[in-house]
Amino acid sequence: MVMVTKSLVRVLQVAGIAVTVSVTSLAVAPQAHAALLYTSSASFTKQPTDLEPSNPDLKLTLSKYKPSAKETVNKVVVTLESEIESSGSVTNNSPRTRNFTVVSKLGEFTVSPNAGAPSTLASFNLFSASPELVSQAFTLKKGETGNFGTFVKSDKNSQTFENNSDIQQFLGVGNFSFSPSALVNATFTGSGNNNFQINTLASVKLTVDYYGEQIVSNPPRVPEASTTLGIIGLASAAFVSKKLGAWQKSVG
């Protein structure tokens, strides 16, 4: 690549033209590109509430990340996506037509970091703005069954870290984990002679994304033929012009 540059410069120098050929047209320096460097996730699906944090099957374990020598992590985002499904039925076993009401609310739904997790992490408090899952009224005749649901509620929260001291807690080799805790409270009004059933299932997905920059080495670029020939043509024309001028002076 350097030889190509020198040869072009030499042609121009022979022609008596002071021109510099930029080497940037021949080689491109490595560049830093913003990118998603790594993702780790964990989840569980349709687990019956209440959720007990001591249950090892519900532990959500994520991986730390060890960047290469060509990578720099400048942002970490931890995202929690959750969904609750509620459904059920009530059967009137009374000999008379009766009214029934079913209400189900979340008493608690948190996903908290366990011991050993980065200290900068906080607990996720889900559905706190809208804890009601079911509110359904029925008028049922003797022996009649009323079904409700499936009602689905979803929530999504994230924690973003861009301070270097916080980011360093997520880097290296190893894991960190979270555990959920959820309580669902249901109330029922109506005849004392009934068959009442409610099912509440929870699904959670936890993800950590590591963002940063990668140093990418671009392959060298050879100047296009049209560019090279144009430079050589310019040099050739200048060379001929210079020689012709010298000959005219000698004849004169």
# chains A, B, ... in the order shown; residues from 1 in each chain; ligands from 1
>>> select_by_dssp(residues="stretch 104-191 of chain A", states="strand (DSSP E or B)", output="number ranges by chain")
A: 104-113, 124-125, 132-140, 145-161, 171, 175-189
>>> residues_around(residues="A:Leu60", least_positions_apart="2", cutoff="10 Å", atoms="only C-alpha atoms", output="PDB file with N, CA, C and O atoms, in the first residue's frame")
ATOM      1  N   SER A  41     -30.305 -13.202  29.798  1.00  0.00           N
ATOM      2  CA  SER A  41     -31.699 -13.162  30.245  1.00  0.00           C
ATOM      3  C   SER A  41     -32.071 -14.425  31.012  1.00  0.00           C
ATOM      4  O   SER A  41     -31.420 -15.469  30.901  1.00  0.00           O
ATOM      5  N   ALA A  42     -33.131 -14.307  31.796  1.00  0.00           N
ATOM      6  CA  ALA A  42     -33.673 -15.432  32.559  1.00  0.00           C
ATOM      7  C   ALA A  42     -35.173 -15.213  32.704  1.00  0.00           C
ATOM      8  O   ALA A  42     -35.649 -14.073  32.706  1.00  0.00           O
ATOM      9  N   SER A  43     -35.934 -16.299  32.838  1.00  0.00           N
ATOM     10  CA  SER A  43     -37.391 -16.153  32.885  1.00  0.00           C
ATOM     11  C   SER A  43     -38.055 -17.359  33.529  1.00  0.00           C
ATOM     12  O   SER A  43     -37.459 -18.427  33.678  1.00  0.00           O
ATOM     13  N   PHE A  44     -39.310 -17.181  33.913  1.00  0.00           N
ATOM     14  CA  PHE A  44     -40.199 -18.293  34.238  1.00  0.00           C
ATOM     15  C   PHE A  44     -41.571 -17.943  33.683  1.00  0.00           C
ATOM     16  O   PHE A  44     -41.903 -16.771  33.471  1.00  0.00           O
ATOM     17  N   PRO A  56     -36.239 -22.002  44.768  1.00  0.00           N
ATOM     18  CA  PRO A  56     -35.087 -21.942  43.860  1.00  0.00           C
ATOM     19  C   PRO A  56     -35.473 -22.015  42.386  1.00  0.00           C
ATOM     20  O   PRO A  56     -34.720 -21.553  41.521  1.00  0.00           O
ATOM     21  N   ASP A  57     -36.634 -22.578  42.080  1.00  0.00           N
ATOM     22  CA  ASP A  57     -37.071 -22.680  40.684  1.00  0.00           C
ATOM     23  C   ASP A  57     -37.448 -21.325  40.094  1.00  0.00           C
ATOM     24  O   ASP A  57     -37.574 -21.196  38.875  1.00  0.00           O
ATOM     25  N   LEU A  58     -37.674 -20.336  40.958  1.00  0.00           N
ATOM     26  CA  LEU A  58     -38.078 -19.014  40.483  1.00  0.00           C
ATOM     27  C   LEU A  58     -36.920 -18.015  40.453  1.00  0.00           C
ATOM     28  O   LEU A  58     -37.106 -16.858  40.061  1.00  0.00           O
ATOM     29  N   LEU A  62     -28.601 -13.882  36.024  1.00  0.00           N
ATOM     30  CA  LEU A  62     -28.031 -13.194  34.869  1.00  0.00           C
ATOM     31  C   LEU A  62     -26.506 -13.247  34.924  1.00  0.00           C
ATOM     32  O   LEU A  62     -25.916 -13.408  36.000  1.00  0.00           O
ATOM     33  N   VAL A 111     -39.695  -7.968  42.441  1.00  0.00           N
ATOM     34  CA  VAL A 111     -38.571  -8.816  42.030  1.00  0.00           C
ATOM     35  C   VAL A 111     -37.314  -8.117  42.533  1.00  0.00           C
ATOM     36  O   VAL A 111     -36.992  -7.017  42.092  1.00  0.00           O
ATOM     37  N   SER A 112     -36.634  -8.752  43.481  1.00  0.00           N
ATOM     38  CA  SER A 112     -35.547  -8.085  44.200  1.00  0.00           C
ATOM     39  C   SER A 112     -34.203  -8.762  43.974  1.00  0.00           C
ATOM     40  O   SER A 112     -34.130  -9.995  43.836  1.00  0.00           O
ATOM     41  N   PRO A 113     -33.116  -7.964  43.942  1.00  0.00           N
ATOM     42  CA  PRO A 113     -31.781  -8.549  43.793  1.00  0.00           C
ATOM     43  C   PRO A 113     -31.396  -9.336  45.036  1.00  0.00           C
ATOM     44  O   PRO A 113     -31.708  -8.944  46.167  1.00  0.00           O
ATOM     45  N   ASN A 114     -30.725 -10.462  44.830  1.00  0.00           N
ATOM     46  CA  ASN A 114     -30.259 -11.287  45.930  1.00  0.00           C
ATOM     47  C   ASN A 114     -28.873 -10.843  46.402  1.00  0.00           C
ATOM     48  O   ASN A 114     -28.220 -10.007  45.765  1.00  0.00           O
ATOM     49  N   PHE A 176     -25.222 -12.813  38.825  1.00  0.00           N
ATOM     50  CA  PHE A 176     -26.007 -12.187  39.888  1.00  0.00           C
ATOM     51  C   PHE A 176     -27.462 -12.566  39.659  1.00  0.00           C
ATOM     52  O   PHE A 176     -27.859 -12.936  38.557  1.00  0.00           O
ATOM     53  N   SER A 177     -28.278 -12.500  40.710  1.00  0.00           N
ATOM     54  CA  SER A 177     -29.636 -13.039  40.586  1.00  0.00           C
ATOM     55  C   SER A 177     -30.680 -12.184  41.293  1.00  0.00           C
ATOM     56  O   SER A 177     -30.365 -11.349  42.143  1.00  0.00           O
ATOM     57  N   PHE A 178     -31.930 -12.436  40.907  1.00  0.00           N
ATOM     58  CA  PHE A 178     -33.111 -11.813  41.509  1.00  0.00           C
ATOM     59  C   PHE A 178     -34.082 -12.925  41.907  1.00  0.00           C
ATOM     60  O   PHE A 178     -34.073 -14.017  41.328  1.00  0.00           O
ATOM     61  N   SER A 179     -34.964 -12.597  42.872  1.00  0.00           N
ATOM     62  CA  SER A 179     -36.037 -13.519  43.248  1.00  0.00           C
ATOM     63  C   SER A 179     -37.347 -12.750  43.381  1.00  0.00           C
ATOM     64  O   SER A 179     -37.352 -11.610  43.846  1.00  0.00           O
ATOM     65  N   PRO A 180     -38.469 -13.376  42.968  1.00  0.00           N
ATOM     66  CA  PRO A 180     -39.767 -12.688  43.014  1.00  0.00           C
ATOM     67  C   PRO A 180     -40.528 -12.975  44.299  1.00  0.00           C
ATOM     68  O   PRO A 180     -40.319 -13.991  44.968  1.00  0.00           O
ATOM     69  N   VAL A 204     -42.474 -13.930  34.161  1.00  0.00           N
ATOM     70  CA  VAL A 204     -41.482 -12.871  34.305  1.00  0.00           C
ATOM     71  C   VAL A 204     -40.297 -13.161  33.392  1.00  0.00           C
ATOM     72  O   VAL A 204     -39.854 -14.309  33.280  1.00  0.00           O
ATOM     73  N   LYS A 205     -39.791 -12.102  32.754  1.00  0.00           N
ATOM     74  CA  LYS A 205     -38.537 -12.195  31.990  1.00  0.00           C
ATOM     75  C   LYS A 205     -37.629 -11.042  32.406  1.00  0.00           C
ATOM     76  O   LYS A 205     -38.034  -9.880  32.363  1.00  0.00           O
ATOM     77  N   LEU A 206     -36.419 -11.377  32.805  1.00  0.00           N
ATOM     78  CA  LEU A 206     -35.431 -10.393  33.243  1.00  0.00           C
ATOM     79  C   LEU A 206     -34.251 -10.412  32.274  1.00  0.00           C
ATOM     80  O   LEU A 206     -33.743 -11.483  31.925  1.00  0.00           O
ATOM     81  N   THR A 207     -33.837  -9.226  31.821  1.00  0.00           N
ATOM     82  CA  THR A 207     -32.763  -9.121  30.822  1.00  0.00           C
ATOM     83  C   THR A 207     -31.771  -8.049  31.228  1.00  0.00           C
ATOM     84  O   THR A 207     -32.154  -6.996  31.742  1.00  0.00           O
TER      85      THR A 207
END
>>> residues_around(residues="A:Leu201", least_positions_apart="6", cutoff="9 Å", atoms="only C-alpha atoms", output="PyMOL selection string")
chain A and resi 45-50+83-86
>>> write_last_selection(atoms="all heavy atoms", output="PDB file, in the first residue's frame")
ATOM      1  N   THR A  45     -42.390 -18.981  33.425  1.00  0.00           N
ATOM      2  CA  THR A  45     -43.655 -18.791  32.722  1.00  0.00           C
ATOM      3  C   THR A  45     -44.803 -19.451  33.459  1.00  0.00           C
ATOM      4  O   THR A  45     -44.712 -20.612  33.881  1.00  0.00           O
ATOM      5  CB  THR A  45     -43.566 -19.378  31.300  1.00  0.00           C
ATOM      6  OG1 THR A  45     -42.468 -18.784  30.612  1.00  0.00           O
ATOM      7  CG2 THR A  45     -44.840 -19.114  30.514  1.00  0.00           C
ATOM      8  N   LYS A  46     -45.882 -18.683  33.636  1.00  0.00           N
ATOM      9  CA  LYS A  46     -47.157 -19.172  34.157  1.00  0.00           C
ATOM     10  C   LYS A  46     -47.007 -19.975  35.445  1.00  0.00           C
ATOM     11  O   LYS A  46     -47.467 -21.122  35.549  1.00  0.00           O
ATOM     12  CB  LYS A  46     -47.884 -19.984  33.082  1.00  0.00           C
ATOM     13  CG  LYS A  46     -48.295 -19.131  31.885  1.00  0.00           C
ATOM     14  CD  LYS A  46     -49.144 -19.894  30.894  1.00  0.00           C
ATOM     15  CE  LYS A  46     -49.584 -18.981  29.750  1.00  0.00           C
ATOM     16  NZ  LYS A  46     -50.444 -19.666  28.772  1.00  0.00           N
ATOM     17  N   GLN A  47     -46.356 -19.334  36.426  1.00  0.00           N
ATOM     18  CA  GLN A  47     -46.241 -19.936  37.752  1.00  0.00           C
ATOM     19  C   GLN A  47     -47.400 -19.468  38.626  1.00  0.00           C
ATOM     20  O   GLN A  47     -47.736 -18.280  38.650  1.00  0.00           O
ATOM     21  CB  GLN A  47     -44.921 -19.536  38.393  1.00  0.00           C
ATOM     22  CG  GLN A  47     -43.704 -20.104  37.681  1.00  0.00           C
ATOM     23  CD  GLN A  47     -43.645 -21.621  37.782  1.00  0.00           C
ATOM     24  OE1 GLN A  47     -43.834 -22.199  38.850  1.00  0.00           O
ATOM     25  NE2 GLN A  47     -43.404 -22.277  36.650  1.00  0.00           N
ATOM     26  N   PRO A  48     -48.040 -20.377  39.356  1.00  0.00           N
ATOM     27  CA  PRO A  48     -49.178 -19.982  40.191  1.00  0.00           C
ATOM     28  C   PRO A  48     -48.741 -19.098  41.352  1.00  0.00           C
ATOM     29  O   PRO A  48     -47.720 -19.353  41.995  1.00  0.00           O
ATOM     30  CB  PRO A  48     -49.744 -21.318  40.686  1.00  0.00           C
ATOM     31  CG  PRO A  48     -48.606 -22.283  40.569  1.00  0.00           C
ATOM     32  CD  PRO A  48     -47.790 -21.830  39.406  1.00  0.00           C
ATOM     33  N   THR A  49     -49.507 -18.033  41.568  1.00  0.00           N
ATOM     34  CA  THR A  49     -49.246 -17.192  42.734  1.00  0.00           C
ATOM     35  C   THR A  49     -49.957 -17.822  43.942  1.00  0.00           C
ATOM     36  O   THR A  49     -50.961 -18.526  43.773  1.00  0.00           O
ATOM     37  CB  THR A  49     -49.774 -15.769  42.494  1.00  0.00           C
ATOM     38  OG1 THR A  49     -51.156 -15.828  42.224  1.00  0.00           O
ATOM     39  CG2 THR A  49     -49.056 -15.126  41.326  1.00  0.00           C
ATOM     40  N   ASP A  50     -49.416 -17.597  45.114  1.00  0.00           N
ATOM     41  CA  ASP A  50     -48.405 -16.620  45.473  1.00  0.00           C
ATOM     42  C   ASP A  50     -47.003 -17.104  45.076  1.00  0.00           C
ATOM     43  O   ASP A  50     -46.738 -18.302  45.073  1.00  0.00           O
ATOM     44  CB  ASP A  50     -48.452 -16.368  46.974  1.00  0.00           C
ATOM     45  CG  ASP A  50     -49.828 -15.820  47.394  1.00  0.00           C
ATOM     46  OD1 ASP A  50     -50.516 -15.221  46.549  1.00  0.00           O
ATOM     47  OD2 ASP A  50     -50.232 -16.019  48.557  1.00  0.00           O
ATOM     48  N   GLU A  83     -46.095 -10.446  33.417  1.00  0.00           N
ATOM     49  CA  GLU A  83     -47.479 -10.634  32.974  1.00  0.00           C
ATOM     50  C   GLU A  83     -48.220 -11.482  33.998  1.00  0.00           C
ATOM     51  O   GLU A  83     -47.673 -12.451  34.529  1.00  0.00           O
ATOM     52  CB  GLU A  83     -47.501 -11.311  31.606  1.00  0.00           C
ATOM     53  CG  GLU A  83     -48.887 -11.452  31.001  1.00  0.00           C
ATOM     54  CD  GLU A  83     -48.825 -12.031  29.601  1.00  0.00           C
ATOM     55  OE1 GLU A  83     -48.672 -11.255  28.632  1.00  0.00           O
ATOM     56  OE2 GLU A  83     -48.907 -13.273  29.481  1.00  0.00           O
ATOM     57  N   ILE A  84     -49.459 -11.103  34.256  1.00  0.00           N
ATOM     58  CA  ILE A  84     -50.308 -11.867  35.173  1.00  0.00           C
ATOM     59  C   ILE A  84     -51.614 -12.220  34.460  1.00  0.00           C
ATOM     60  O   ILE A  84     -52.251 -11.362  33.844  1.00  0.00           O
ATOM     61  CB  ILE A  84     -50.609 -11.079  36.457  1.00  0.00           C
ATOM     62  CG1 ILE A  84     -49.339 -10.956  37.302  1.00  0.00           C
ATOM     63  CG2 ILE A  84     -51.697 -11.760  37.270  1.00  0.00           C
ATOM     64  CD1 ILE A  84     -49.574 -10.308  38.641  1.00  0.00           C
ATOM     65  N   GLU A  85     -51.993 -13.487  34.539  1.00  0.00           N
ATOM     66  CA  GLU A  85     -53.247 -13.970  33.969  1.00  0.00           C
ATOM     67  C   GLU A  85     -54.181 -14.398  35.095  1.00  0.00           C
ATOM     68  O   GLU A  85     -53.768 -15.104  36.010  1.00  0.00           O
ATOM     69  CB  GLU A  85     -52.996 -15.164  33.047  1.00  0.00           C
ATOM     70  CG  GLU A  85     -52.062 -14.893  31.887  1.00  0.00           C
ATOM     71  CD  GLU A  85     -51.838 -16.125  31.036  1.00  0.00           C
ATOM     72  OE1 GLU A  85     -52.566 -17.132  31.250  1.00  0.00           O
ATOM     73  OE2 GLU A  85     -50.952 -16.099  30.183  1.00  0.00           O
ATOM     74  N   SER A  86     -55.411 -13.960  34.995  1.00  0.00           N
ATOM     75  CA  SER A  86     -56.401 -14.333  36.010  1.00  0.00           C
ATOM     76  C   SER A  86     -57.657 -14.867  35.333  1.00  0.00           C
ATOM     77  O   SER A  86     -58.148 -14.282  34.356  1.00  0.00           O
ATOM     78  CB  SER A  86     -56.761 -13.127  36.889  1.00  0.00           C
ATOM     79  OG  SER A  86     -55.635 -12.649  37.580  1.00  0.00           O
TER      80      SER A  86
END
>>> residues_around(residues="A:Leu183", least_positions_apart="3", cutoff="8 Å", atoms="only C-alpha atoms", output="list in words")
Thr49, Asp50, Leu51, Leu106, Gly107, Glu108 and Phe109 of chain A
>>> residues_around(residues="A:Ser165", least_positions_apart="4", cutoff="12 Å", atoms="only C-alpha atoms", output="PyMOL selection string")
chain A and resi 73-76+118-120+161+169-171
>>> residues_around(residues="stretch 188-190 of chain A", least_positions_apart="4", cutoff="10 Å", atoms="only C-alpha atoms", output="list of chain:residue names")
A:Val90, A:Asn92, A:Arg98, A:Asn99, A:Phe100, A:Thr101, A:Val102, A:Val103, A:Ser104, A:Gln136, A:Ala137, A:Phe138, A:Thr139, A:Asn194, A:Phe196
>>> write_last_selection(atoms="all heavy atoms", output="compact mmCIF listing (two decimals), in the first residue's frame")
# COMPACT_ATOMS: atom_id res chain seq x y z
N VAL A 90 -67.64 -19.15 39.06
CA VAL A 90 -68.47 -19.27 40.26
C VAL A 90 -69.77 -19.97 39.86
O VAL A 90 -70.37 -19.66 38.83
CB VAL A 90 -68.75 -17.88 40.90
CG1 VAL A 90 -69.41 -16.94 39.91
CG2 VAL A 90 -69.59 -18.04 42.15
N ASN A 92 -73.61 -21.13 41.22
CA ASN A 92 -74.63 -20.88 42.24
C ASN A 92 -75.28 -22.21 42.64
O ASN A 92 -76.00 -22.84 41.87
CB ASN A 92 -75.69 -19.93 41.68
CG ASN A 92 -76.78 -19.63 42.70
OD1 ASN A 92 -76.61 -19.86 43.90
ND2 ASN A 92 -77.91 -19.11 42.22
N ARG A 98 -79.16 -15.67 42.60
CA ARG A 98 -78.36 -14.85 43.49
C ARG A 98 -77.35 -14.01 42.70
O ARG A 98 -76.98 -14.33 41.57
CB ARG A 98 -77.58 -15.73 44.49
CG ARG A 98 -78.46 -16.54 45.43
CD ARG A 98 -79.30 -15.64 46.34
NE ARG A 98 -78.48 -14.79 47.19
CZ ARG A 98 -78.08 -15.13 48.42
NH1 ARG A 98 -78.46 -16.29 48.96
NH2 ARG A 98 -77.35 -14.31 49.13
N ASN A 99 -76.94 -12.91 43.33
CA ASN A 99 -75.90 -12.04 42.75
C ASN A 99 -74.54 -12.36 43.38
O ASN A 99 -74.45 -12.59 44.60
CB ASN A 99 -76.24 -10.57 43.00
CG ASN A 99 -77.51 -10.14 42.29
OD1 ASN A 99 -77.78 -10.55 41.17
ND2 ASN A 99 -78.32 -9.32 42.95
N PHE A 100 -73.53 -12.34 42.54
CA PHE A 100 -72.17 -12.64 43.00
C PHE A 100 -71.21 -11.59 42.48
O PHE A 100 -71.37 -11.06 41.37
CB PHE A 100 -71.71 -14.02 42.50
CG PHE A 100 -72.56 -15.16 42.97
CD1 PHE A 100 -73.68 -15.55 42.23
CD2 PHE A 100 -72.26 -15.83 44.13
CE1 PHE A 100 -74.48 -16.60 42.66
CE2 PHE A 100 -73.06 -16.89 44.57
CZ PHE A 100 -74.17 -17.27 43.83
N THR A 101 -70.19 -11.29 43.28
CA THR A 101 -69.14 -10.35 42.87
C THR A 101 -67.78 -10.94 43.22
O THR A 101 -67.58 -11.46 44.34
CB THR A 101 -69.28 -8.99 43.57
OG1 THR A 101 -70.56 -8.44 43.26
CG2 THR A 101 -68.19 -8.04 43.10
N VAL A 102 -66.85 -10.86 42.26
CA VAL A 102 -65.49 -11.35 42.45
C VAL A 102 -64.52 -10.19 42.24
O VAL A 102 -64.59 -9.49 41.22
CB VAL A 102 -65.13 -12.49 41.47
CG1 VAL A 102 -63.69 -12.95 41.68
CG2 VAL A 102 -66.10 -13.65 41.64
N VAL A 103 -63.63 -9.97 43.19
CA VAL A 103 -62.59 -8.95 43.07
C VAL A 103 -61.25 -9.58 43.46
O VAL A 103 -61.15 -10.25 44.51
CB VAL A 103 -62.86 -7.72 43.96
CG1 VAL A 103 -61.71 -6.73 43.87
CG2 VAL A 103 -64.17 -7.06 43.57
N SER A 104 -60.24 -9.38 42.61
CA SER A 104 -58.89 -9.89 42.88
C SER A 104 -57.89 -8.77 42.72
O SER A 104 -57.89 -8.06 41.71
CB SER A 104 -58.56 -11.04 41.93
OG SER A 104 -57.22 -11.48 42.11
N GLN A 136 -65.56 -8.55 38.72
CA GLN A 136 -66.60 -9.14 37.89
C GLN A 136 -67.85 -9.38 38.72
O GLN A 136 -67.78 -9.86 39.86
CB GLN A 136 -66.12 -10.46 37.30
CG GLN A 136 -67.04 -11.06 36.27
CD GLN A 136 -66.86 -10.47 34.89
OE1 GLN A 136 -65.75 -10.15 34.50
NE2 GLN A 136 -67.95 -10.31 34.17
N ALA A 137 -69.03 -9.05 38.16
CA ALA A 137 -70.32 -9.27 38.83
C ALA A 137 -71.16 -10.25 38.02
O ALA A 137 -71.12 -10.24 36.78
CB ALA A 137 -71.07 -7.95 39.01
N PHE A 138 -71.90 -11.11 38.73
CA PHE A 138 -72.75 -12.11 38.07
C PHE A 138 -74.12 -12.14 38.73
O PHE A 138 -74.25 -11.91 39.94
CB PHE A 138 -72.15 -13.53 38.22
CG PHE A 138 -70.78 -13.70 37.64
CD1 PHE A 138 -69.65 -13.51 38.42
CD2 PHE A 138 -70.62 -14.05 36.32
CE1 PHE A 138 -68.39 -13.69 37.91
CE2 PHE A 138 -69.37 -14.24 35.79
CZ PHE A 138 -68.24 -14.05 36.58
N THR A 139 -75.14 -12.44 37.94
CA THR A 139 -76.46 -12.82 38.44
C THR A 139 -76.73 -14.22 37.91
O THR A 139 -76.86 -14.42 36.68
CB THR A 139 -77.54 -11.84 37.96
OG1 THR A 139 -77.25 -10.53 38.45
CG2 THR A 139 -78.92 -12.28 38.46
N ASN A 194 -72.16 -22.00 47.11
CA ASN A 194 -71.57 -21.75 45.79
C ASN A 194 -70.30 -22.57 45.64
O ASN A 194 -69.78 -23.16 46.60
CB ASN A 194 -71.24 -20.27 45.64
CG ASN A 194 -70.13 -19.83 46.57
OD1 ASN A 194 -68.95 -20.04 46.30
ND2 ASN A 194 -70.51 -19.25 47.72
N PHE A 196 -66.70 -21.60 44.13
CA PHE A 196 -65.92 -20.47 43.62
C PHE A 196 -64.48 -20.91 43.36
O PHE A 196 -63.86 -21.58 44.20
CB PHE A 196 -65.95 -19.32 44.64
CG PHE A 196 -64.98 -18.22 44.35
CD1 PHE A 196 -65.11 -17.43 43.21
CD2 PHE A 196 -63.92 -17.97 45.21
CE1 PHE A 196 -64.22 -16.42 42.95
CE2 PHE A 196 -63.03 -16.95 44.96
CZ PHE A 196 -63.18 -16.17 43.82
>>> select_by_dssp(residues="stretch 103-202 of chain A", states="alpha helix (DSSP H)", output="ChimeraX atom specification")
/A:164-167
>>> residues_around(residues="A:Phe151", least_positions_apart="2", cutoff="8 Å", atoms="only C-alpha atoms", output="ChimeraX atom specification")
/A:85-87,133-134,148-149,153
>>> decode(residues="stretch 179-195 of chain A", atoms="N, CA, C and O atoms", output="PDB file, in the first residue's frame")
ATOM      1  N   SER A 179     -34.964 -12.597  42.872  1.00  0.00           N
ATOM      2  CA  SER A 179     -36.037 -13.519  43.248  1.00  0.00           C
ATOM      3  C   SER A 179     -37.347 -12.750  43.381  1.00  0.00           C
ATOM      4  O   SER A 179     -37.352 -11.610  43.846  1.00  0.00           O
ATOM      5  N   PRO A 180     -38.469 -13.376  42.968  1.00  0.00           N
ATOM      6  CA  PRO A 180     -39.767 -12.688  43.014  1.00  0.00           C
ATOM      7  C   PRO A 180     -40.528 -12.975  44.299  1.00  0.00           C
ATOM      8  O   PRO A 180     -40.319 -13.991  44.968  1.00  0.00           O
ATOM      9  N   SER A 181     -41.411 -12.061  44.626  1.00  0.00           N
ATOM     10  CA  SER A 181     -42.348 -12.263  45.727  1.00  0.00           C
ATOM     11  C   SER A 181     -43.684 -11.658  45.309  1.00  0.00           C
ATOM     12  O   SER A 181     -43.737 -10.494  44.903  1.00  0.00           O
ATOM     13  N   ALA A 182     -44.742 -12.459  45.349  1.00  0.00           N
ATOM     14  CA  ALA A 182     -46.053 -11.961  44.929  1.00  0.00           C
ATOM     15  C   ALA A 182     -47.154 -12.532  45.815  1.00  0.00           C
ATOM     16  O   ALA A 182     -47.140 -13.717  46.165  1.00  0.00           O
ATOM     17  N   LEU A 183     -48.105 -11.670  46.183  1.00  0.00           N
ATOM     18  CA  LEU A 183     -49.277 -12.064  46.958  1.00  0.00           C
ATOM     19  C   LEU A 183     -50.526 -11.559  46.251  1.00  0.00           C
ATOM     20  O   LEU A 183     -50.589 -10.393  45.857  1.00  0.00           O
ATOM     21  N   VAL A 184     -51.510 -12.418  46.078  1.00  0.00           N
ATOM     22  CA  VAL A 184     -52.774 -12.053  45.441  1.00  0.00           C
ATOM     23  C   VAL A 184     -53.902 -12.255  46.443  1.00  0.00           C
ATOM     24  O   VAL A 184     -54.019 -13.319  47.066  1.00  0.00           O
ATOM     25  N   ASN A 185     -54.726 -11.231  46.591  1.00  0.00           N
ATOM     26  CA  ASN A 185     -55.853 -11.302  47.517  1.00  0.00           C
ATOM     27  C   ASN A 185     -57.165 -11.246  46.735  1.00  0.00           C
ATOM     28  O   ASN A 185     -57.372 -10.335  45.924  1.00  0.00           O
ATOM     29  N   ALA A 186     -58.045 -12.215  46.984  1.00  0.00           N
ATOM     30  CA  ALA A 186     -59.335 -12.269  46.293  1.00  0.00           C
ATOM     31  C   ALA A 186     -60.464 -12.152  47.310  1.00  0.00           C
ATOM     32  O   ALA A 186     -60.402 -12.721  48.407  1.00  0.00           O
ATOM     33  N   THR A 187     -61.499 -11.407  46.942  1.00  0.00           N
ATOM     34  CA  THR A 187     -62.696 -11.298  47.780  1.00  0.00           C
ATOM     35  C   THR A 187     -63.911 -11.727  46.962  1.00  0.00           C
ATOM     36  O   THR A 187     -63.979 -11.493  45.743  1.00  0.00           O
ATOM     37  N   PHE A 188     -64.862 -12.335  47.652  1.00  0.00           N
ATOM     38  CA  PHE A 188     -66.031 -12.883  46.981  1.00  0.00           C
ATOM     39  C   PHE A 188     -67.264 -12.593  47.825  1.00  0.00           C
ATOM     40  O   PHE A 188     -67.261 -12.786  49.039  1.00  0.00           O
ATOM     41  N   THR A 189     -68.310 -12.101  47.173  1.00  0.00           N
ATOM     42  CA  THR A 189     -69.577 -11.855  47.868  1.00  0.00           C
ATOM     43  C   THR A 189     -70.706 -12.542  47.111  1.00  0.00           C
ATOM     44  O   THR A 189     -70.681 -12.632  45.883  1.00  0.00           O
ATOM     45  N   GLY A 190     -71.686 -13.035  47.867  1.00  0.00           N
ATOM     46  CA  GLY A 190     -72.818 -13.700  47.247  1.00  0.00           C
ATOM     47  C   GLY A 190     -73.351 -14.786  48.151  1.00  0.00           C
ATOM     48  O   GLY A 190     -73.125 -14.771  49.368  1.00  0.00           O
ATOM     49  N   SER A 191     -74.060 -15.720  47.598  1.00  0.00           N
ATOM     50  CA  SER A 191     -74.663 -16.800  48.363  1.00  0.00           C
ATOM     51  C   SER A 191     -73.595 -17.645  49.046  1.00  0.00           C
ATOM     52  O   SER A 191     -72.500 -17.857  48.519  1.00  0.00           O
ATOM     53  N   GLY A 192     -73.945 -18.155  50.229  1.00  0.00           N
ATOM     54  CA  GLY A 192     -73.039 -19.061  50.927  1.00  0.00           C
ATOM     55  C   GLY A 192     -72.996 -20.431  50.293  1.00  0.00           C
ATOM     56  O   GLY A 192     -72.121 -21.236  50.605  1.00  0.00           O
ATOM     57  N   ASN A 193     -73.937 -20.708  49.408  1.00  0.00           N
ATOM     58  CA  ASN A 193     -73.954 -21.995  48.710  1.00  0.00           C
ATOM     59  C   ASN A 193     -73.440 -21.782  47.279  1.00  0.00           C
ATOM     60  O   ASN A 193     -74.192 -21.392  46.386  1.00  0.00           O
ATOM     61  N   ASN A 194     -72.165 -22.003  47.113  1.00  0.00           N
ATOM     62  CA  ASN A 194     -71.567 -21.748  45.794  1.00  0.00           C
ATOM     63  C   ASN A 194     -70.300 -22.574  45.636  1.00  0.00           C
ATOM     64  O   ASN A 194     -69.775 -23.158  46.597  1.00  0.00           O
ATOM     65  N   ASN A 195     -69.838 -22.588  44.456  1.00  0.00           N
ATOM     66  CA  ASN A 195     -68.540 -23.206  44.142  1.00  0.00           C
ATOM     67  C   ASN A 195     -67.718 -22.128  43.439  1.00  0.00           C
ATOM     68  O   ASN A 195     -68.009 -21.773  42.294  1.00  0.00           O
TER      69      ASN A 195
END
